[in-house]
file final.pdb (PDB, C-alpha atoms and all ligand atoms)
ATOM      1  CA  MET A   1     -28.622-125.381 111.503
ATOM      2  CA  ALA A   2     -25.712-127.400 112.711
ATOM      3  CA  THR A   3     -25.465-130.972 111.543
ATOM      4  CA  ALA A   4     -25.576-132.398 115.065
ATOM      5  CA  LYS A   5     -28.985-133.702 116.046
ATOM      6  CA  PRO A   6     -30.702-131.603 118.730
ATOM      7  CA  LYS A   7     -31.489-133.686 121.781
ATOM      8  CA  TYR A   8     -32.051-131.174 124.582
ATOM      9  CA  LEU A   9     -33.419-127.690 125.124
ATOM     10  CA  GLU A  10     -31.323-125.591 127.505
ATOM     11  CA  VAL A  11     -33.230-122.752 129.137
ATOM     12  CA  SER A  12     -31.783-119.646 130.772
ATOM     13  CA  ALA A  13     -34.717-117.422 131.622
ATOM     14  CA  GLY A  14     -35.033-114.521 134.044
ATOM     15  CA  VAL A  15     -38.119-115.011 136.194
ATOM     16  CA  ARG A  16     -39.988-111.984 137.514
ATOM     17  CA  TYR A  17     -42.135-113.548 140.196
ATOM     18  CA  TRP A  18     -40.832-116.787 141.636
ATOM     19  CA  GLU A  19     -43.941-117.159 143.757
ATOM     20  CA  ASP A  20     -45.892-117.996 140.599
ATOM     21  CA  ALA A  21     -45.061-121.674 141.010
ATOM     22  CA  THR A  22     -46.442-124.432 143.151
ATOM     23  CA  ILE A  23     -43.962-127.099 144.226
ATOM     24  CA  ASN A  24     -45.311-130.288 145.790
ATOM     25  CA  GLY A  25     -48.598-128.496 146.243
ATOM     26  CA  VAL A  26     -47.027-125.585 148.137
ATOM     27  CA  GLU A  27     -46.808-122.051 146.773
ATOM     28  CA  ASP A  28     -43.138-121.230 146.233
ATOM     29  CA  GLU A  29     -43.445-118.025 148.218
ATOM     30  CA  ASP A  30     -39.722-117.273 148.489
ATOM     31  CA  GLY A  31     -38.743-118.997 145.276
ATOM     32  CA  ASN A  32     -36.451-121.453 147.019
ATOM     33  CA  LEU A  33     -38.408-124.627 146.336
ATOM     34  CA  VAL A  34     -38.216-124.787 142.558
ATOM     35  CA  PRO A  35     -35.373-126.889 141.115
ATOM     36  CA  PHE A  36     -32.789-125.302 138.788
ATOM     37  CA  ARG A  37     -32.980-121.773 140.136
ATOM     38  CA  SER A  38     -29.687-119.916 139.857
ATOM     39  CA  GLY A  39     -29.997-116.379 141.205
ATOM     40  CA  ASP A  40     -32.694-114.686 139.144
ATOM     41  CA  ILE A  41     -32.427-117.234 136.361
ATOM     42  CA  TRP A  42     -34.285-120.488 135.847
ATOM     43  CA  LYS A  43     -32.089-123.033 134.090
ATOM     44  CA  PRO A  44     -33.716-126.360 133.310
ATOM     45  CA  VAL A  45     -32.552-128.664 130.520
ATOM     46  CA  ILE A  46     -35.317-130.608 128.788
ATOM     47  CA  ASN A  47     -35.044-133.817 126.779
ATOM     48  CA  LEU A  48     -36.843-132.947 123.556
ATOM     49  CA  ASP A  49     -38.040-136.488 122.865
ATOM     50  CA  SER A  50     -39.442-137.307 126.268
ATOM     51  CA  GLY A  51     -40.125-133.881 127.768
ATOM     52  CA  VAL A  52     -38.244-134.931 130.893
ATOM     53  CA  MET A  53     -36.130-132.366 132.739
ATOM     54  CA  LEU A  54     -32.588-133.539 133.298
ATOM     55  CA  ASN A  55     -31.631-134.178 136.930
ATOM     56  CA  TRP A  56     -35.106-133.470 138.171
ATOM     57  CA  PRO A  57     -35.392-134.338 141.877
ATOM     58  CA  GLU A  58     -37.491-137.492 141.789
ATOM     59  CA  GLY A  59     -40.822-137.291 143.546
ATOM     60  CA  THR A  60     -41.141-133.526 143.146
ATOM     61  CA  THR A  61     -44.101-132.056 141.317
ATOM     62  CA  ALA A  62     -44.251-128.523 140.002
ATOM     63  CA  SER A  63     -46.844-126.272 138.490
ATOM     64  CA  ILE A  64     -45.056-123.351 136.901
ATOM     65  CA  HIS A  65     -46.514-120.138 135.551
ATOM     66  CA  TYR A  66     -43.571-117.773 135.219
ATOM     67  CA  LYS A  67     -43.544-114.371 133.640
ATOM     68  CA  VAL A  68     -40.175-114.169 131.986
ATOM     69  CA  CYS A  69     -37.983-111.157 131.259
ATOM     70  CA  ASP A  70     -37.228-110.586 127.595
ATOM     71  CA  GLN A  71     -33.526-111.379 127.952
ATOM     72  CA  GLY A  72     -34.062-115.130 128.108
ATOM     73  CA  GLU A  73     -31.680-117.350 126.202
ATOM     74  CA  TYR A  74     -32.483-120.772 124.793
ATOM     75  CA  TRP A  75     -30.210-123.307 123.162
ATOM     76  CA  LEU A  76     -30.497-126.680 121.512
ATOM     77  CA  GLN A  77     -27.933-129.163 122.741
ATOM     78  CA  ASP A  78     -26.746-132.337 121.082
ATOM     79  CA  GLU A  79     -26.540-135.708 122.803
ATOM     80  CA  SER A  80     -23.310-134.813 124.586
ATOM     81  CA  GLY A  81     -24.759-131.591 125.973
ATOM     82  CA  GLU A  82     -22.961-129.435 123.443
ATOM     83  CA  ARG A  83     -24.823-126.311 122.334
ATOM     84  CA  VAL A  84     -25.566-126.590 118.632
ATOM     85  CA  ALA A  85     -27.974-123.705 118.064
ATOM     86  CA  LYS A  86     -29.380-120.683 119.833
ATOM     87  CA  TRP A  87     -32.965-119.412 119.741
ATOM     88  CA  LYS A  88     -32.912-116.227 117.675
ATOM     89  CA  GLY A  89     -35.522-114.344 119.648
ATOM     90  CA  TYR A  90     -35.562-113.143 123.225
ATOM     91  CA  TYR A  91     -39.171-114.037 123.798
ATOM     92  CA  VAL A  92     -40.101-117.430 125.182
ATOM     93  CA  PRO A  93     -40.250-120.209 122.568
ATOM     94  CA  GLY A  94     -43.818-121.023 123.439
ATOM     95  CA  CYS A  95     -44.008-124.128 121.284
ATOM     96  CA  PHE A  96     -41.563-125.678 123.784
ATOM     97  CA  LEU A  97     -42.252-123.987 127.091
ATOM     98  CA  CYS A  98     -45.901-123.089 126.873
ATOM     99  CA  GLN A  99     -47.383-125.927 124.925
ATOM    100  CA  GLY A 100     -50.919-125.241 126.049
ATOM    101  CA  GLY A 101     -50.630-121.850 124.352
ATOM    102  CA  GLY A 102     -51.613-118.505 125.805
ATOM    103  CA  GLY A 103     -48.105-117.476 126.888
ATOM    104  CA  PHE A 104     -47.641-114.900 124.118
ATOM    105  CA  GLY A 105     -43.878-115.290 124.388
ATOM    106  CA  ASP A 106     -43.910-113.814 127.881
ATOM    107  CA  TYR A 107     -44.643-116.840 129.995
ATOM    108  CA  ILE A 108     -43.332-120.282 130.730
ATOM    109  CA  ILE A 109     -46.297-122.430 131.702
ATOM    110  CA  LEU A 110     -45.568-126.058 132.574
ATOM    111  CA  ASN A 111     -46.684-128.810 134.879
ATOM    112  CA  VAL A 112     -43.947-131.235 135.846
ATOM    113  CA  GLY A 113     -44.649-134.681 137.245
ATOM    114  CA  GLU A 114     -42.749-136.690 139.875
ATOM    115  CA  ASP A 115     -40.544-138.192 137.184
ATOM    116  CA  GLY A 116     -39.563-134.777 135.804
ATOM    117  CA  LYS A 117     -41.760-135.161 132.765
ATOM    118  CA  ILE A 118     -43.636-132.134 131.504
ATOM    119  CA  ALA A 119     -47.348-132.924 131.389
ATOM    120  CA  ASP A 120     -48.789-133.447 127.904
ATOM    121  CA  TRP A 121     -45.354-132.950 126.343
ATOM    122  CA  CYS A 122     -45.420-133.045 122.594
ATOM    123  CA  LYS A 123     -42.078-132.749 120.836
ATOM    124  CA  PRO A 124     -42.204-129.503 118.870
ATOM    125  CA  ASP A 125     -40.908-129.197 115.339
ATOM    126  CA  ILE A 126     -37.578-127.462 115.219
ATOM    127  CA  VAL A 127     -37.887-124.738 112.614
ATOM    128  CA  SER A 128     -34.386-123.977 111.426
ATOM    129  CA  GLU A 129     -35.099-120.308 110.655
ATOM    130  CA  HIS A 130     -35.769-119.775 114.352
ATOM    131  CA  TRP A 131     -32.353-121.012 115.398
ATOM    132  CA  LYS A 132     -28.855-119.749 114.813
ATOM    133  CA  ALA A 133     -26.129-122.348 114.620
ATOM    134  CA  GLU A 134     -23.550-122.030 117.378
ATOM    135  CA  PRO A 135     -19.995-121.539 116.190
ATOM    136  CA  GLN A 136     -18.207-124.854 115.980
ATOM    137  CA  PRO A 137     -15.605-125.415 118.681
ATOM    138  CA  LYS A 138     -12.124-124.387 117.706
ATOM    139  CA  GLN A 139      -9.445-126.958 117.326
ATOM    140  CA  THR A 140      -6.744-126.026 119.751
ATOM    141  CA  GLY A 141      -4.170-128.780 119.726
ATOM    142  CA  PHE A 142      -3.564-132.483 119.686
ATOM    143  CA  CYS A 143      -4.163-135.253 122.192
ATOM    144  CA  GLU A 144      -1.126-136.461 124.080
ATOM    145  CA  LYS A 145      -2.407-140.041 123.983
ATOM    146  CA  CYS A 146      -3.492-140.529 120.391
ATOM    147  CA  ASN A 147      -2.368-137.346 118.644
ATOM    148  CA  LYS A 148      -5.874-136.582 117.324
ATOM    149  CA  PRO A 149      -7.297-133.035 117.488
ATOM    150  CA  VAL A 150      -8.699-131.790 120.777
ATOM    151  CA  GLN A 151     -11.685-129.434 120.856
ATOM    152  CA  VAL A 152     -13.025-126.932 123.335
ATOM    153  CA  LYS A 153     -16.228-128.249 124.877
ATOM    154  CA  THR A 154     -18.489-126.355 127.235
ATOM    155  CA  ARG A 155     -19.584-128.237 130.336
ATOM    156  CA  GLY A 156     -21.883-126.037 132.367
ATOM    157  CA  LYS A 157     -19.813-122.947 133.056
ATOM    158  CA  SER A 158     -16.429-124.506 132.441
ATOM    159  CA  GLN A 159     -14.671-125.201 129.193
ATOM    160  CA  LEU A 160     -12.633-128.324 128.670
ATOM    161  CA  LEU A 161     -10.342-129.560 125.950
ATOM    162  CA  ILE A 162     -11.552-132.954 124.833
ATOM    163  CA  CYS A 163      -9.973-135.339 122.329
ATOM    164  CA  VAL A 164     -12.383-136.074 119.487
ATOM    165  CA  GLU A 165     -10.919-139.551 119.128
ATOM    166  CA  CYS A 166     -10.491-141.028 122.603
ATOM    167  CA  GLY A 167     -12.443-138.546 124.747
ATOM    168  CA  ALA A 168      -9.417-137.791 126.923
ATOM    169  CA  VAL A 169      -9.600-134.470 128.737
ATOM    170  CA  ALA A 170      -6.527-132.373 128.106
ATOM    171  CA  LEU A 171      -5.215-129.584 130.298
ATOM    172  CA  PRO A 172      -7.494-126.555 130.636
ATOM    173  CA  PHE A 173      -6.330-123.452 128.835
TER     174      PHE A 173
HETATM  175 ZN    ZN A 201      -6.962-138.900 122.303
END
call {"tool": "encode", "arguments": {"input": "final.pdb", "output": "structure tokens", "more": "lines below"}}
Ligand SMILES: [Zn+2]
result
Amino acid sequence: MATAKPKYLEVSAGVRYWEDATINGVEDEDGNLVPFRSGDIWKPVINLDSGVMLNWPEGTTASIHYKVCDQGEYWLQDESGERVAKWKGYYVPGCFLCQGGGGFGDYIILNVGEDGKIADWCKPDIVSEHWKAEPQPKQTGFCEKCNKPVQVKTRGKSQLLICVECGAVALPF
């Protein structure tokens, strides 16, 4: 396990039947109502302490009962959104995403309130054997401003070079 403290769970799960969700009381028949859909993948990020989904559209409620393909990927992120560890399995980490039980690693079952908080959220224990530490970012040069090392940081799909000292963003590589 990496030394950085896990703060968020990043989900990247292939959903088989998008209609198995109810958004604001309406069945998501075409799968275009649920937040965080990207193609066939559902990609929420969850605050582990509070159970709140990041950037949840306020006032939206969701009842989700997704059957998930086995190729799902799940990461722990640190406070800055950096991936620190990856879930070793390809089944759903039910202790996080199916807290009521009964998902058998195949389902994500969650109710989300207007504030983006997962109903009855209980912060799961993070069992280090279940997670593989992500490789630490490579040092790739020095900051022009303060001459401290810059590191590659992943921000969504893009990678940036960020100074560990002053936080300056260097030129992309
Ligand atoms: Zn700097």
call {"tool": "closest_residue", "arguments": {"input": "final.pdb", "among": "A:Trp87, A:Gly14, A:Gly156, A:Ser128", "to": "Asp40 (chain A)", "atoms": "only C-alpha atoms"}}
result
A:Gly14
call {"tool": "closest_residue", "arguments": {"input": "final.pdb", "among": "A:Ala133, A:Ala168, A:Val127, A:Ile162", "to": "Gln77 (chain A)", "atoms": "only C-alpha atoms"}}
result
A:Ala133
call {"tool": "residues_near_ligand", "arguments": {"input": "final.pdb", "ligand": "ligand ZN 201 (chain A)", "cutoff": "10 Å", "atoms": "only C-alpha atoms and all ligand atoms", "output": "JSON list (two decimals) with C-alpha atoms, keeping the file's coordinate frame"}}
result
[["chain", "number", "residue", "atom", "x", "y", "z"],
["A", 142, "PHE", "CA", -3.56, -132.48, 119.69],
["A", 143, "CYS", "CA", -4.16, -135.25, 122.19],
["A", 144, "GLU", "CA", -1.13, -136.46, 124.08],
["A", 145, "LYS", "CA", -2.41, -140.04, 123.98],
["A", 146, "CYS", "CA", -3.49, -140.53, 120.39],
["A", 147, "ASN", "CA", -2.37, -137.35, 118.64],
["A", 148, "LYS", "CA", -5.87, -136.58, 117.32],
["A", 149, "PRO", "CA", -7.30, -133.04, 117.49],
["A", 150, "VAL", "CA", -8.70, -131.79, 120.78],
["A", 162, "ILE", "CA", -11.55, -132.95, 124.83],
["A", 163, "CYS", "CA", -9.97, -135.34, 122.33],
["A", 164, "VAL", "CA", -12.38, -136.07, 119.49],
["A", 165, "GLU", "CA", -10.92, -139.55, 119.13],
["A", 166, "CYS", "CA", -10.49, -141.03, 122.60],
["A", 167, "GLY", "CA", -12.44, -138.55, 124.75],
["A", 168, "ALA", "CA", -9.42, -137.79, 126.92],
["A", 169, "VAL", "CA", -9.60, -134.47, 128.74],
["A", 170, "ALA", "CA", -6.53, -132.37, 128.11]]
call {"tool": "residues_around", "arguments": {"input": "final.pdb", "residues": "His130 (chain A)", "least_positions_apart": "6", "cutoff": "12 Å", "atoms": "all atoms listed in the file", "output": "number ranges by chain"}}
result
A: 1, 74-76, 85-93, 95
call {"tool": "closest_residue", "arguments": {"input": "final.pdb", "among": "A:Pro57, A:Gly51, A:Gly113, A:Gly141", "to": "Gln99 (chain A)", "atoms": "all atoms listed in the file"}}
result
A:Gly51
call {"tool": "atom_distance", "arguments": {"input": "final.pdb", "atom1": "CA of Lys67 (chain A)", "atom2": "CA of Ile109 (chain A)"}}
result
8.7 Å
call {"tool": "axis_aligned_box", "arguments": {"input": "final.pdb", "around": "region 18-36 of chain A", "padding_each_side": "8 Å", "output": "lines of an AutoDock Vina configuration file"}}
result
center_x = -40.7
center_y = -123.5
center_z = 143.6
size_x = 31.8
size_y = 29.5
size_z = 25.7
call {"tool": "closest_residue", "arguments": {"input": "final.pdb", "among": "A:Lys123, A:Glu19, A:Lys132, A:Tyr107", "to": "Asn32 (chain A)", "atoms": "all atoms listed in the file"}}
result
A:Glu19
call {"tool": "atom_distance", "arguments": {"input": "final.pdb", "atom1": "CA of Thr22 (chain A)", "atom2": "CA of Glu114 (chain A)"}}
result
13.2 Å
